>>> print(open('data20.csv').read())   # CSV, C-alpha atoms
chain,number,residue,atom,x,y,z
A,1,MET,CA,-8.5,-25.6,36.2
A,2,ALA,CA,-8.7,-28.7,34.1
A,3,GLU,CA,-9.2,-31.9,36.1
A,4,HIS,CA,-6.7,-34.8,35.7
A,5,ARG,CA,-5.6,-37.7,37.7
A,6,ASP,CA,-1.9,-37.6,36.8
A,7,ASP,CA,0.6,-35.8,34.7
A,8,THR,CA,0.9,-38.2,31.8
A,9,ALA,CA,-1.0,-37.8,28.5
A,10,ASP,CA,-3.7,-39.8,26.9
A,11,ALA,CA,-2.1,-39.5,23.5
A,12,GLY,CA,-5.3,-40.1,21.6
A,13,SER,CA,-7.0,-37.2,23.3
A,14,LEU,CA,-4.2,-34.7,22.6
A,15,GLN,CA,-5.6,-32.7,19.7
A,16,PRO,CA,-9.2,-33.5,18.7
A,17,THR,CA,-10.6,-32.1,22.0
A,18,PHE,CA,-8.7,-28.8,21.7
A,19,ASP,CA,-10.3,-25.8,19.9
A,20,PHE,CA,-7.5,-23.8,18.4
A,21,ALA,CA,-10.0,-21.1,17.2
A,22,VAL,CA,-10.5,-19.8,20.7
A,23,LEU,CA,-6.9,-18.7,21.1
A,24,ARG,CA,-6.1,-15.0,20.9
A,25,ARG,CA,-2.8,-13.1,20.3
A,26,TRP,CA,-3.6,-10.4,23.0
A,27,PRO,CA,-1.7,-8.5,24.3
A,28,ASP,CA,0.3,-8.8,21.1
A,29,VAL,CA,-1.0,-7.1,18.0
A,30,GLU,CA,-4.3,-8.4,16.7
A,31,ALA,CA,-5.7,-8.1,13.2
A,32,ASP,CA,-7.8,-10.0,10.7
A,33,ASN,CA,-4.8,-11.3,8.9
A,34,LEU,CA,-2.8,-12.3,12.0
A,35,PHE,CA,-3.5,-15.6,13.7
A,36,ALA,CA,-2.8,-17.3,17.1
A,37,HIS,CA,-2.0,-20.7,15.6
A,38,ASP,CA,-0.8,-22.2,12.3
A,39,ALA,CA,-0.5,-25.5,10.5
A,40,ALA,CA,2.9,-26.1,12.0
A,41,ASP,CA,1.3,-26.2,15.5
A,42,LYS,CA,-1.2,-28.8,14.5
A,43,LEU,CA,1.4,-30.9,12.6
A,44,LEU,CA,3.8,-30.8,15.6
A,45,LEU,CA,1.0,-32.1,17.9
A,46,ASP,CA,0.0,-34.8,15.5
A,47,THR,CA,3.6,-35.9,15.1
A,48,ALA,CA,4.1,-35.8,18.9
A,49,ARG,CA,1.0,-37.9,19.8
A,50,PRO,CA,2.6,-41.3,19.6
A,51,LEU,CA,5.6,-40.1,21.6
A,52,LEU,CA,3.5,-38.7,24.4
A,53,ALA,CA,1.9,-42.0,25.6
A,54,GLY,CA,2.9,-42.5,29.3
A,55,LEU,CA,5.3,-39.5,29.2
A,56,GLU,CA,5.3,-37.2,32.2
A,57,GLY,CA,4.7,-33.5,31.5
A,58,SER,CA,7.9,-32.6,33.3
A,59,ARG,CA,9.8,-34.5,30.7
A,60,ILE,CA,8.4,-32.3,27.9
A,61,ALA,CA,9.6,-28.9,26.7
A,62,VAL,CA,7.9,-26.4,24.3
A,63,VAL,CA,10.0,-23.7,22.7
A,64,ASN,CA,8.7,-20.7,20.8
A,65,ASP,CA,5.0,-21.5,21.4
A,66,HIS,CA,3.8,-18.2,19.8
A,67,TYR,CA,0.5,-17.9,21.7
A,68,GLY,CA,0.0,-21.1,23.6
A,69,ALA,CA,-1.4,-23.6,21.0
A,70,LEU,CA,1.2,-26.3,21.8
A,71,THR,CA,1.3,-25.8,25.5
A,72,LEU,CA,-2.5,-25.5,26.1
A,73,ALA,CA,-3.3,-28.5,23.8
A,74,MET,CA,-1.1,-30.6,26.1
A,75,ALA,CA,-2.5,-29.0,29.2
A,76,ALA,CA,-6.0,-29.9,28.0
A,77,ALA,CA,-4.9,-33.5,27.7
A,78,GLY,CA,-3.8,-33.5,31.3
A,79,LEU,CA,-0.1,-32.9,31.0
A,80,GLN,CA,1.3,-31.0,34.0
A,81,GLY,CA,4.8,-29.4,34.5
A,82,VAL,CA,5.6,-28.9,30.8
A,83,HIS,CA,8.7,-26.6,30.4
A,84,VAL,CA,7.8,-23.6,28.3
A,85,VAL,CA,10.5,-21.3,26.7
A,86,GLN,CA,9.3,-18.2,25.0
A,87,ASP,CA,11.6,-15.3,24.1
A,88,ALA,CA,8.9,-12.7,23.6
A,89,LEU,CA,7.2,-11.4,26.8
A,90,SER,CA,4.1,-10.8,24.7
A,91,ALA,CA,4.0,-14.5,23.9
A,92,GLU,CA,4.3,-15.4,27.6
A,93,ARG,CA,1.5,-13.1,28.4
A,94,ALA,CA,-0.7,-14.3,25.6
A,95,LEU,CA,-0.2,-17.9,26.7
A,96,ASP,CA,-1.1,-17.0,30.3
A,97,SER,CA,-4.2,-15.0,29.1
A,98,ASN,CA,-5.4,-17.9,26.9
A,99,ALA,CA,-4.8,-20.4,29.8
A,100,SER,CA,-6.8,-18.2,32.2
A,101,ARG,CA,-9.7,-18.0,29.8
A,102,LEU,CA,-9.7,-21.7,29.2
A,103,GLY,CA,-9.2,-22.8,32.8
A,104,LEU,CA,-5.9,-24.5,32.1
A,105,ALA,CA,-2.7,-24.4,34.1
A,106,GLY,CA,0.3,-26.4,35.2
A,107,TYR,CA,3.0,-25.4,32.7
A,108,ARG,CA,6.2,-23.7,33.8
A,109,HIS,CA,7.9,-20.7,32.2
A,110,HIS,CA,11.7,-20.9,31.7
A,111,LEU,CA,14.3,-18.7,30.1
A,112,LEU,CA,16.5,-20.1,27.3
A,113,GLU,CA,19.3,-21.9,29.2
A,114,PRO,CA,20.3,-25.5,29.6
A,115,ASP,CA,18.5,-25.9,32.9
A,116,ALA,CA,15.2,-25.4,31.0
A,117,PHE,CA,15.8,-28.8,29.4
A,118,ASP,CA,17.1,-30.8,32.3
A,119,GLY,CA,16.0,-34.4,31.9
A,120,VAL,CA,13.6,-33.5,29.1
A,121,ARG,CA,12.8,-36.4,26.7
A,122,LEU,CA,10.6,-34.6,24.1
A,123,VAL,CA,10.9,-31.0,22.7
A,124,LEU,CA,8.3,-29.4,20.5
A,125,LEU,CA,9.9,-26.4,18.8
A,126,GLN,CA,8.4,-23.8,16.5
A,127,LEU,CA,11.4,-23.0,14.3
A,128,PRO,CA,12.8,-19.4,14.7
A,129,ARG,CA,13.6,-17.2,11.7
A,130,SER,CA,17.2,-16.8,12.8
A,131,LEU,CA,19.7,-19.6,12.4
A,132,ASP,CA,21.7,-18.2,15.3
A,133,GLU,CA,18.7,-18.5,17.5
A,134,LEU,CA,18.2,-22.1,16.3
A,135,GLU,CA,21.8,-22.9,17.0
A,136,GLU,CA,21.6,-21.6,20.6
A,137,ILE,CA,18.4,-23.4,21.3
A,138,ALA,CA,19.7,-26.7,19.9
A,139,GLY,CA,22.9,-26.3,22.0
A,140,CYS,CA,20.9,-25.7,25.2
A,141,ILE,CA,18.8,-28.8,24.5
A,142,ALA,CA,21.7,-31.1,23.8
A,143,ALA,CA,23.6,-29.9,26.9
A,144,ALA,CA,20.9,-30.9,29.4
A,145,ALA,CA,18.2,-33.1,27.9
A,146,SER,CA,17.9,-36.8,28.4
A,147,PRO,CA,20.2,-38.8,26.0
A,148,ASP,CA,17.1,-40.3,24.4
A,149,VAL,CA,15.5,-36.9,23.7
A,150,THR,CA,13.5,-36.3,20.5
A,151,VAL,CA,13.3,-32.8,19.1
A,152,LEU,CA,10.3,-32.1,16.8
A,153,ALA,CA,11.1,-28.8,15.1
A,154,GLY,CA,8.2,-27.4,12.9
A,155,GLY,CA,7.6,-24.5,10.7
A,156,ARG,CA,6.0,-23.2,7.5
A,157,VAL,CA,7.8,-24.6,4.5
A,158,LYS,CA,8.2,-21.1,3.0
A,159,HIS,CA,10.2,-20.0,6.0
A,160,MET,CA,12.4,-23.2,6.2
A,161,SER,CA,15.7,-23.9,4.6
A,162,THR,CA,18.2,-26.8,4.4
A,163,ALA,CA,20.5,-24.7,6.5
A,164,MET,CA,18.2,-25.5,9.5
A,165,ASN,CA,19.1,-29.2,9.1
A,166,SER,CA,22.8,-28.3,9.2
A,167,VAL,CA,22.4,-26.2,12.3
A,168,LEU,CA,20.5,-28.9,14.1
A,169,ALA,CA,23.2,-31.4,13.0
A,170,THR,CA,25.8,-29.5,15.0
A,171,SER,CA,24.1,-30.6,18.2
A,172,PHE,CA,22.4,-33.9,17.2
A,173,SER,CA,23.6,-37.0,15.4
A,174,SER,CA,20.4,-37.6,13.6
A,175,VAL,CA,18.3,-35.0,11.7
A,176,THR,CA,15.5,-36.0,9.3
A,177,ALA,CA,12.8,-34.1,7.5
A,178,GLY,CA,9.2,-35.3,7.3
A,179,LEU,CA,6.7,-34.9,4.6
A,180,ALA,CA,5.0,-31.5,4.2
A,181,ARG,CA,1.3,-31.1,5.2
A,182,GLN,CA,-0.7,-27.9,4.7
A,183,LYS,CA,2.6,-26.2,3.8
A,184,ALA,CA,4.2,-27.1,7.1
A,185,ARG,CA,7.0,-29.5,7.8
A,186,ILE,CA,8.7,-31.2,10.7
A,187,LEU,CA,12.4,-31.8,11.3
A,188,THR,CA,13.2,-34.5,13.8
A,189,ALA,CA,16.5,-34.5,15.7
A,190,SER,CA,17.8,-37.0,18.1
A,191,GLY,CA,21.1,-38.2,19.6
A,192,PRO,CA,22.4,-35.1,21.4
A,193,LEU,CA,26.1,-34.7,20.8
A,194,PRO,CA,28.6,-33.9,23.6
A,195,SER,CA,28.5,-30.2,24.3
A,196,ALA,CA,31.2,-28.0,22.8
A,197,ASP,CA,32.0,-24.4,23.7
A,198,GLY,CA,29.1,-22.4,22.3
A,199,ARG,CA,29.4,-19.4,20.1
A,200,PHE,CA,27.1,-17.3,22.2
A,201,PRO,CA,27.2,-14.6,23.2
A,202,ARG,CA,29.1,-13.2,20.2
A,203,THR,CA,31.1,-9.9,20.4
A,204,GLU,CA,32.1,-7.4,17.8
A,205,GLU,CA,33.6,-3.9,17.9
A,206,HIS,CA,32.4,-1.0,15.8
A,207,ASP,CA,33.5,2.6,15.1
A,208,VAL,CA,30.4,4.8,15.7
A,209,GLY,CA,32.2,8.1,16.1
A,210,LEU,CA,33.1,7.7,19.8
A,211,PRO,CA,36.6,8.0,21.2
A,212,ALA,CA,36.8,4.2,21.4
A,213,PRO,CA,35.1,1.4,19.5
A,214,LEU,CA,31.7,0.3,20.7
A,215,ARG,CA,31.7,-3.3,21.8
A,216,LEU,CA,28.4,-5.1,21.0
A,217,VAL,CA,27.5,-8.4,22.6
A,218,ALA,CA,24.6,-10.6,21.3
A,219,PHE,CA,23.0,-13.9,22.2
A,220,GLY,CA,21.5,-16.0,19.4
A,221,GLY,CA,17.9,-14.8,19.6
A,222,THR,CA,18.9,-11.1,19.3
A,223,PHE,CA,17.9,-9.5,16.0
A,224,GLY,CA,20.9,-8.5,14.0
A,225,GLY,CA,23.4,-10.2,16.3
A,226,PRO,CA,26.4,-8.0,17.4
A,227,LYS,CA,26.1,-5.8,14.3
A,228,VAL,CA,25.2,-2.1,14.1
A,229,ASP,CA,21.8,-1.9,12.4
A,230,PRO,CA,22.2,0.4,9.3
A,231,GLY,CA,19.3,2.6,10.4
A,232,THR,CA,20.7,2.9,13.9
A,233,ARG,CA,24.1,3.9,12.5
A,234,PHE,CA,22.3,6.7,10.6
A,235,LEU,CA,20.5,7.8,13.7
A,236,LEU,CA,23.3,7.8,16.3
A,237,PRO,CA,25.2,11.1,15.5
A,238,LEU,CA,21.8,12.9,15.1
A,239,LEU,CA,21.0,12.2,18.7
A,240,ASN,CA,23.3,15.1,19.7
A,241,GLY,CA,20.4,17.3,18.7
A,242,ALA,CA,18.0,15.7,21.2
A,243,ARG,CA,16.6,17.6,24.1
A,244,GLN,CA,18.5,17.5,27.4
A,245,ALA,CA,17.3,14.8,29.8
A,246,GLU,CA,18.6,13.1,32.9
A,247,ARG,CA,17.3,9.8,31.5
A,248,ALA,CA,16.7,8.5,28.1
A,249,VAL,CA,14.6,5.4,27.2
A,250,ASP,CA,15.9,3.0,24.5
A,251,LEU,CA,12.7,1.4,23.4
A,252,GLY,CA,13.3,-2.0,21.7
A,253,CYS,CA,16.9,-2.0,22.8
A,254,GLY,CA,18.0,-5.2,20.8
A,255,ASN,CA,21.8,-5.6,21.3
A,256,GLY,CA,22.1,-2.4,23.3
A,257,THR,CA,23.7,-0.2,20.6
A,258,ILE,CA,21.6,2.9,21.3
A,259,ALA,CA,21.7,2.5,25.1
A,260,ALA,CA,25.4,2.1,25.2
A,261,TYR,CA,26.0,5.0,22.8
A,262,LEU,CA,23.9,7.4,24.7
A,263,ALA,CA,25.6,6.5,28.0
A,264,LEU,CA,29.0,6.9,26.4
A,265,ALA,CA,28.3,10.1,24.5
A,266,HIS,CA,26.5,11.8,27.3
A,267,GLY,CA,28.5,11.1,30.5
A,268,GLY,CA,25.9,12.2,33.0
A,269,MET,CA,22.9,10.5,31.3
A,270,ARG,CA,21.2,7.4,32.7
A,271,VAL,CA,19.5,5.1,30.2
A,272,LEU,CA,16.5,2.8,30.6
A,273,ALA,CA,16.8,0.1,27.9
A,274,MET,CA,13.6,-2.0,27.3
A,275,ASP,CA,12.7,-4.9,25.1
A,276,GLN,CA,10.2,-7.7,25.2
A,277,SER,CA,12.9,-10.2,24.0
A,278,ALA,CA,14.6,-12.1,26.8
A,279,SER,CA,17.6,-12.5,24.4
A,280,ALA,CA,17.8,-8.8,23.7
A,281,VAL,CA,17.7,-8.0,27.5
A,282,ARG,CA,20.6,-10.3,28.1
A,283,SER,CA,22.5,-8.9,25.2
A,284,THR,CA,22.0,-5.3,26.2
A,285,ARG,CA,23.1,-6.0,29.7
A,286,ALA,CA,26.2,-7.7,28.4
A,287,THR,CA,26.9,-4.8,26.0
A,288,ALA,CA,26.6,-2.2,28.8
A,289,GLU,CA,29.1,-4.3,30.9
A,290,ALA,CA,31.4,-4.6,27.9
A,291,ASN,CA,31.5,-0.8,27.6
A,292,ALA,CA,31.8,-0.1,31.3
A,293,VAL,CA,28.4,1.8,31.5
A,294,ALA,CA,26.4,-0.9,33.4
A,295,ASP,CA,26.1,1.5,36.3
A,296,ARG,CA,24.1,3.9,34.2
A,297,VAL,CA,22.2,1.5,31.9
A,298,GLU,CA,19.2,-0.2,33.5
A,299,VAL,CA,17.7,-3.0,31.4
A,300,ARG,CA,14.1,-4.3,31.7
A,301,ARG,CA,12.1,-6.9,29.8
A,302,ASP,CA,8.8,-5.3,29.1
A,303,ASP,CA,6.0,-5.4,26.6
A,304,ALA,CA,6.5,-2.0,24.9
A,305,LEU,CA,6.5,0.5,27.9
A,306,SER,CA,3.8,-1.1,30.0
A,307,SER,CA,5.7,-0.8,33.3
A,308,LEU,CA,6.2,3.0,32.9
A,309,PRO,CA,3.5,5.5,34.0
A,310,ALA,CA,2.0,8.1,31.7
A,311,ALA,CA,3.7,11.4,31.1
A,312,SER,CA,6.9,10.2,33.0
A,313,GLU,CA,9.7,10.5,30.4
A,314,GLN,CA,11.4,13.3,28.6
A,315,LEU,CA,13.3,11.4,25.9
A,316,ILE,CA,12.6,8.1,24.1
A,317,VAL,CA,14.7,6.7,21.2
A,318,LEU,CA,13.2,4.0,18.9
A,319,ASN,CA,14.3,2.0,15.9
A,320,PRO,CA,11.0,0.1,15.4
A,321,PRO,CA,10.8,-3.4,14.0
A,322,PHE,CA,8.7,-3.9,10.9
A,323,HIS,CA,8.0,-7.6,11.4
A,324,MET,CA,6.4,-9.9,14.0
A,325,GLY,CA,8.1,-13.3,13.7
A,326,ASN,CA,8.0,-14.1,10.0
A,327,THR,CA,5.2,-11.6,9.2
A,328,VAL,CA,5.9,-8.1,7.9
A,329,HIS,CA,3.3,-5.9,9.6
A,330,ALA,CA,3.1,-2.3,10.7
A,331,GLY,CA,1.1,-3.1,13.8
A,332,ILE,CA,4.1,-3.5,16.1
A,333,ALA,CA,5.5,-0.1,15.2
A,334,LEU,CA,2.2,1.6,15.7
A,335,LYS,CA,1.9,-0.1,19.1
A,336,LEU,CA,5.3,1.2,20.1
A,337,PHE,CA,4.5,4.7,18.8
A,338,ALA,CA,1.2,4.8,20.8
A,339,ASP,CA,2.9,3.7,24.0
A,340,ALA,CA,5.7,6.2,23.6
A,341,GLY,CA,3.0,8.9,23.2
A,342,ARG,CA,1.4,7.8,26.4
A,343,VAL,CA,4.7,7.8,28.4
A,344,LEU,CA,6.2,11.1,27.1
A,345,ALA,CA,5.7,14.1,29.4
A,346,PRO,CA,4.6,17.3,27.7
A,347,GLY,CA,7.5,18.6,25.7
A,348,GLY,CA,9.1,15.2,25.7
A,349,GLU,CA,10.7,13.9,22.4
A,350,LEU,CA,10.5,10.6,20.6
A,351,TRP,CA,13.4,10.2,18.2
A,352,THR,CA,12.7,7.5,15.6
A,353,VAL,CA,14.5,6.1,12.5
A,354,TRP,CA,12.5,4.1,10.0
A,355,ASN,CA,12.6,2.8,6.5
A,356,SER,CA,11.5,5.7,4.3
A,357,HIS,CA,9.0,3.7,2.2
A,358,LEU,CA,7.0,3.0,5.4
A,359,ALA,CA,5.9,6.6,5.6
A,360,TYR,CA,5.3,6.7,9.4
A,361,LYS,CA,5.1,10.4,9.8
A,362,PRO,CA,1.2,10.7,9.7
A,363,ALA,CA,1.0,7.9,12.4
A,364,LEU,CA,3.6,9.7,14.5
A,365,ASN,CA,1.7,12.9,14.3
A,366,ARG,CA,-1.5,11.2,15.4
A,367,LEU,CA,-0.1,8.9,18.1
A,368,VAL,CA,2.7,11.0,19.6
A,369,GLY,CA,2.5,14.7,18.5
A,370,PRO,CA,3.9,17.1,16.0
A,371,THR,CA,6.6,15.4,14.0
A,372,ARG,CA,9.4,16.9,11.9
A,373,GLN,CA,12.0,15.3,9.7
A,374,VAL,CA,15.5,15.6,11.0
A,375,ALA,CA,17.4,13.8,8.2
A,376,ARG,CA,16.8,11.5,5.3
A,377,ASN,CA,19.0,9.3,3.1
A,378,PRO,CA,18.0,7.0,0.2
A,379,LYS,CA,16.8,4.3,2.7
A,380,PHE,CA,16.1,5.8,6.1
A,381,THR,CA,14.3,8.7,7.7
A,382,VAL,CA,14.9,10.2,11.1
A,383,THR,CA,12.1,12.1,12.8
A,384,VAL,CA,11.5,13.8,16.2
A,385,SER,CA,8.0,13.9,17.6
A,386,THR,CA,7.2,16.3,20.4
A,387,ARG,CA,4.5,15.5,22.9
A,388,ASP,CA,1.9,18.4,23.2
>>> encode(input="data20.csv", output="structure tokens")
Amino acid sequence: MAEHRDDTADAGSLQPTFDFAVLRRWPDVEADNLFAHDAADKLLLDTARPLLAGLEGSRIAVVNDHYGALTLAMAAAGLQGVHVVQDALSAERALDSNASRLGLAGYRHHLLEPDAFDGVRLVLLQLPRSLDELEEIAGCIAAAASPDVTVLAGGRVKHMSTAMNSVLATSFSSVTAGLARQKARILTASGPLPSADGRFPRTEEHDVGLPAPLRLVAFGGTFGGPKVDPGTRFLLPLLNGARQAERAVDLGCGNGTIAAYLALAHGGMRVLAMDQSASAVRSTRATAEANAVADRVEVRRDDALSSLPAASEQLIVLNPPFHMGNTVHAGIALKLFADAGRVLAPGGELWTVWNSHLAYKPALNRLVGPTRQVARNPKFTVTVSTRD
């Protein structure tokens, strides 16, 4: 563990003594073109340096720290008690793994809720790709942080938009944009506004061929919000052809569309819904409650299917993501396919819908088992892979 005399930072020592190159993404997908830090991390820390002098770590929050660059640079400077909010479980585990290897500690994990920002005076935020997620984060900060809080929100310029300024302005009286450096930029927000009734979670009803409309509930960080994903809509009626199973696993459950549909369409079926996103887990639980199937839908936050033993399940349903953060990459889908192949019992089925141009069938044959096409339209393909 790093030695330090108190929990305030020596601002001058914040960044130069920290080696970002030692950080890893593990257990998230690792590849030569995927990195554990970026220019926005360094710009955020440089911008924060003068604000950190004499500031206790417990008055600092870090949000969306992808793999620990922000948190661990401050821990290396002696800050203790920093509040860390990460939606993805893989990000939490990567931070903890990097901290263990570097002998650093003292930060505290929090879920996204106002209590995570109680009394906080400085927030370092890696901007999310979703404006809804940014709105929810900003609202939580404004509701509980110190009146003199400063929010430094950083990102790569190519992923930023002026709409982000407008979203921050719904919760803060002052929002300014800094100069770009190495294709990264910082938005600075201050003056938290009196809290208003938030928009989250949001609820919508959809006709998906059930006797009654399906009610979907979503918090800000849930991909797609309370909508039915087009690929999922194509998949749902085809699931009537899946093998009989006492329990189905909805892998990457998002807003809970598949989990709730299975529970409603198959009255005796139990569903285990799993996602690494804390927002998705909250959304799926709310969706199950909204459709009166919470007694048969168990929801877990997990990195893929890591909590399930090998050869333990008969039916898994998956609409895999094709991006990690702002990066389009097949690695996340391949990780999910491989874990599904591990968890399926002999004769078990993985039902998958995917964008046809991604051509996942060879990977499914290799990682799961013999795969056949069930249906295809101009955009999506549905396949079923059977474990040997």
>>> residues_around(input="data20.csv", residues="Val29 (chain A)", least_positions_apart="4", cutoff="9 Å", atoms="all atoms listed in the file", output="count of residues only")
6
>>> closest_residue(input="data20.csv", among="A:Leu235, A:Ala142, A:Ala286, A:Ile186", to="Val208 (chain A)", atoms="only C-alpha atoms")
A:Leu235
>>> atom_distance(input="data20.csv", atom1="CA of Lys361 (chain A)", atom2="CA of Ala340 (chain A)")
14.4 Å
>>> closest_residue(input="data20.csv", among="A:Asp295, A:Asp275, A:Asp28, A:Glu56", to="Ser97 (chain A)", atoms="all atoms listed in the file")
A:Asp28
>>> atom_distance(input="data20.csv", atom1="CA of Gly221 (chain A)", atom2="CA of Leu134 (chain A)")
8.0 Å
>>> closest_residue(input="data20.csv", among="A:Ser161, A:Gln182, A:Thr222, A:Ser279", to="Glu113 (chain A)", atoms="all atoms listed in the file")
A:Ser279
>>> closest_residue(input="data20.csv", among="A:Asn365, A:Gln314, A:Thr162, A:Gln244", to="Leu272 (chain A)", atoms="all atoms listed in the file")
A:Gln314
>>> residues_around(input="data20.csv", residues="Arg387 (chain A)", least_positions_apart="5", cutoff="10 Å", atoms="all atoms listed in the file", output="PDB file with C-alpha atoms, in the coordinates of the input")
ATOM      1  CA  ALA A 311       3.700  11.400  31.100  1.00  0.00           C
ATOM      2  CA  GLN A 314      11.400  13.300  28.600  1.00  0.00           C
ATOM      3  CA  ALA A 340       5.700   6.200  23.600  1.00  0.00           C
ATOM      4  CA  GLY A 341       3.000   8.900  23.200  1.00  0.00           C
ATOM      5  CA  ARG A 342       1.400   7.800  26.400  1.00  0.00           C
ATOM      6  CA  VAL A 343       4.700   7.800  28.400  1.00  0.00           C
ATOM      7  CA  LEU A 344       6.200  11.100  27.100  1.00  0.00           C
ATOM      8  CA  ALA A 345       5.700  14.100  29.400  1.00  0.00           C
ATOM      9  CA  PRO A 346       4.600  17.300  27.700  1.00  0.00           C
ATOM     10  CA  GLY A 347       7.500  18.600  25.700  1.00  0.00           C
ATOM     11  CA  GLY A 348       9.100  15.200  25.700  1.00  0.00           C
ATOM     12  CA  GLU A 349      10.700  13.900  22.400  1.00  0.00           C
ATOM     13  CA  LEU A 350      10.500  10.600  20.600  1.00  0.00           C
ATOM     14  CA  ASN A 365       1.700  12.900  14.300  1.00  0.00           C
ATOM     15  CA  LEU A 367      -0.100   8.900  18.100  1.00  0.00           C
ATOM     16  CA  VAL A 368       2.700  11.000  19.600  1.00  0.00           C
ATOM     17  CA  GLY A 369       2.500  14.700  18.500  1.00  0.00           C
ATOM     18  CA  PRO A 370       3.900  17.100  16.000  1.00  0.00           C
ATOM     19  CA  THR A 371       6.600  15.400  14.000  1.00  0.00           C
TER      20      THR A 371
END
>>> atom_distance(input="data20.csv", atom1="CA of His110 (chain A)", atom2="CA of Ala61 (chain A)")
9.7 Å
>>> residues_around(input="data20.csv", residues="region 118-128 of chain A", least_positions_apart="6", cutoff="10 Å", atoms="all atoms listed in the file", output="ChimeraX atom specification")
/A:40-41,44-45,47-48,51-52,55-66,70-71,82-85,134-135,137-138,140-156,159-160,164,186-190,221,325-326
>>> closest_residue(input="data20.csv", among="A:Gly139, A:Pro230, A:Pro213, A:Gly225", to="Pro194 (chain A)", atoms="only C-alpha atoms")
A:Gly139
>>> closest_residue(input="data20.csv", among="A:Ile258, A:Val299, A:Ala363, A:Val157", to="Leu179 (chain A)", atoms="only C-alpha atoms")
A:Val157
>>> residues_around(input="data20.csv", residues="Phe219 (chain A)", least_positions_apart="6", cutoff="10 Å", atoms="all atoms listed in the file", output="JSON, numbers by chain")
{"A": [132, 133, 136, 199, 200, 201, 202, 203, 225, 226, 255, 278, 279, 280, 281, 282, 283, 284, 286]}
>>> write_last_selection(input="data20.csv", atoms="C-alpha atoms", output="compact mmCIF listing (two decimals), keeping the file's coordinate frame")
# COMPACT_ATOMS: atom_id res chain seq x y z
CA ASP A 132 21.70 -18.20 15.30
CA GLU A 133 18.70 -18.50 17.50
CA GLU A 136 21.60 -21.60 20.60
CA ARG A 199 29.40 -19.40 20.10
CA PHE A 200 27.10 -17.30 22.20
CA PRO A 201 27.20 -14.60 23.20
CA ARG A 202 29.10 -13.20 20.20
CA THR A 203 31.10 -9.90 20.40
CA GLY A 225 23.40 -10.20 16.30
CA PRO A 226 26.40 -8.00 17.40
CA ASN A 255 21.80 -5.60 21.30
CA ALA A 278 14.60 -12.10 26.80
CA SER A 279 17.60 -12.50 24.40
CA ALA A 280 17.80 -8.80 23.70
CA VAL A 281 17.70 -8.00 27.50
CA ARG A 282 20.60 -10.30 28.10
CA SER A 283 22.50 -8.90 25.20
CA THR A 284 22.00 -5.30 26.20
CA ALA A 286 26.20 -7.70 28.40
>>> residues_around(input="data20.csv", residues="Leu89 (chain A)", least_positions_apart="6", cutoff="7 Å", atoms="all atoms listed in the file", output="JSON, numbers by chain")
{"A": [276, 277, 302, 303]}
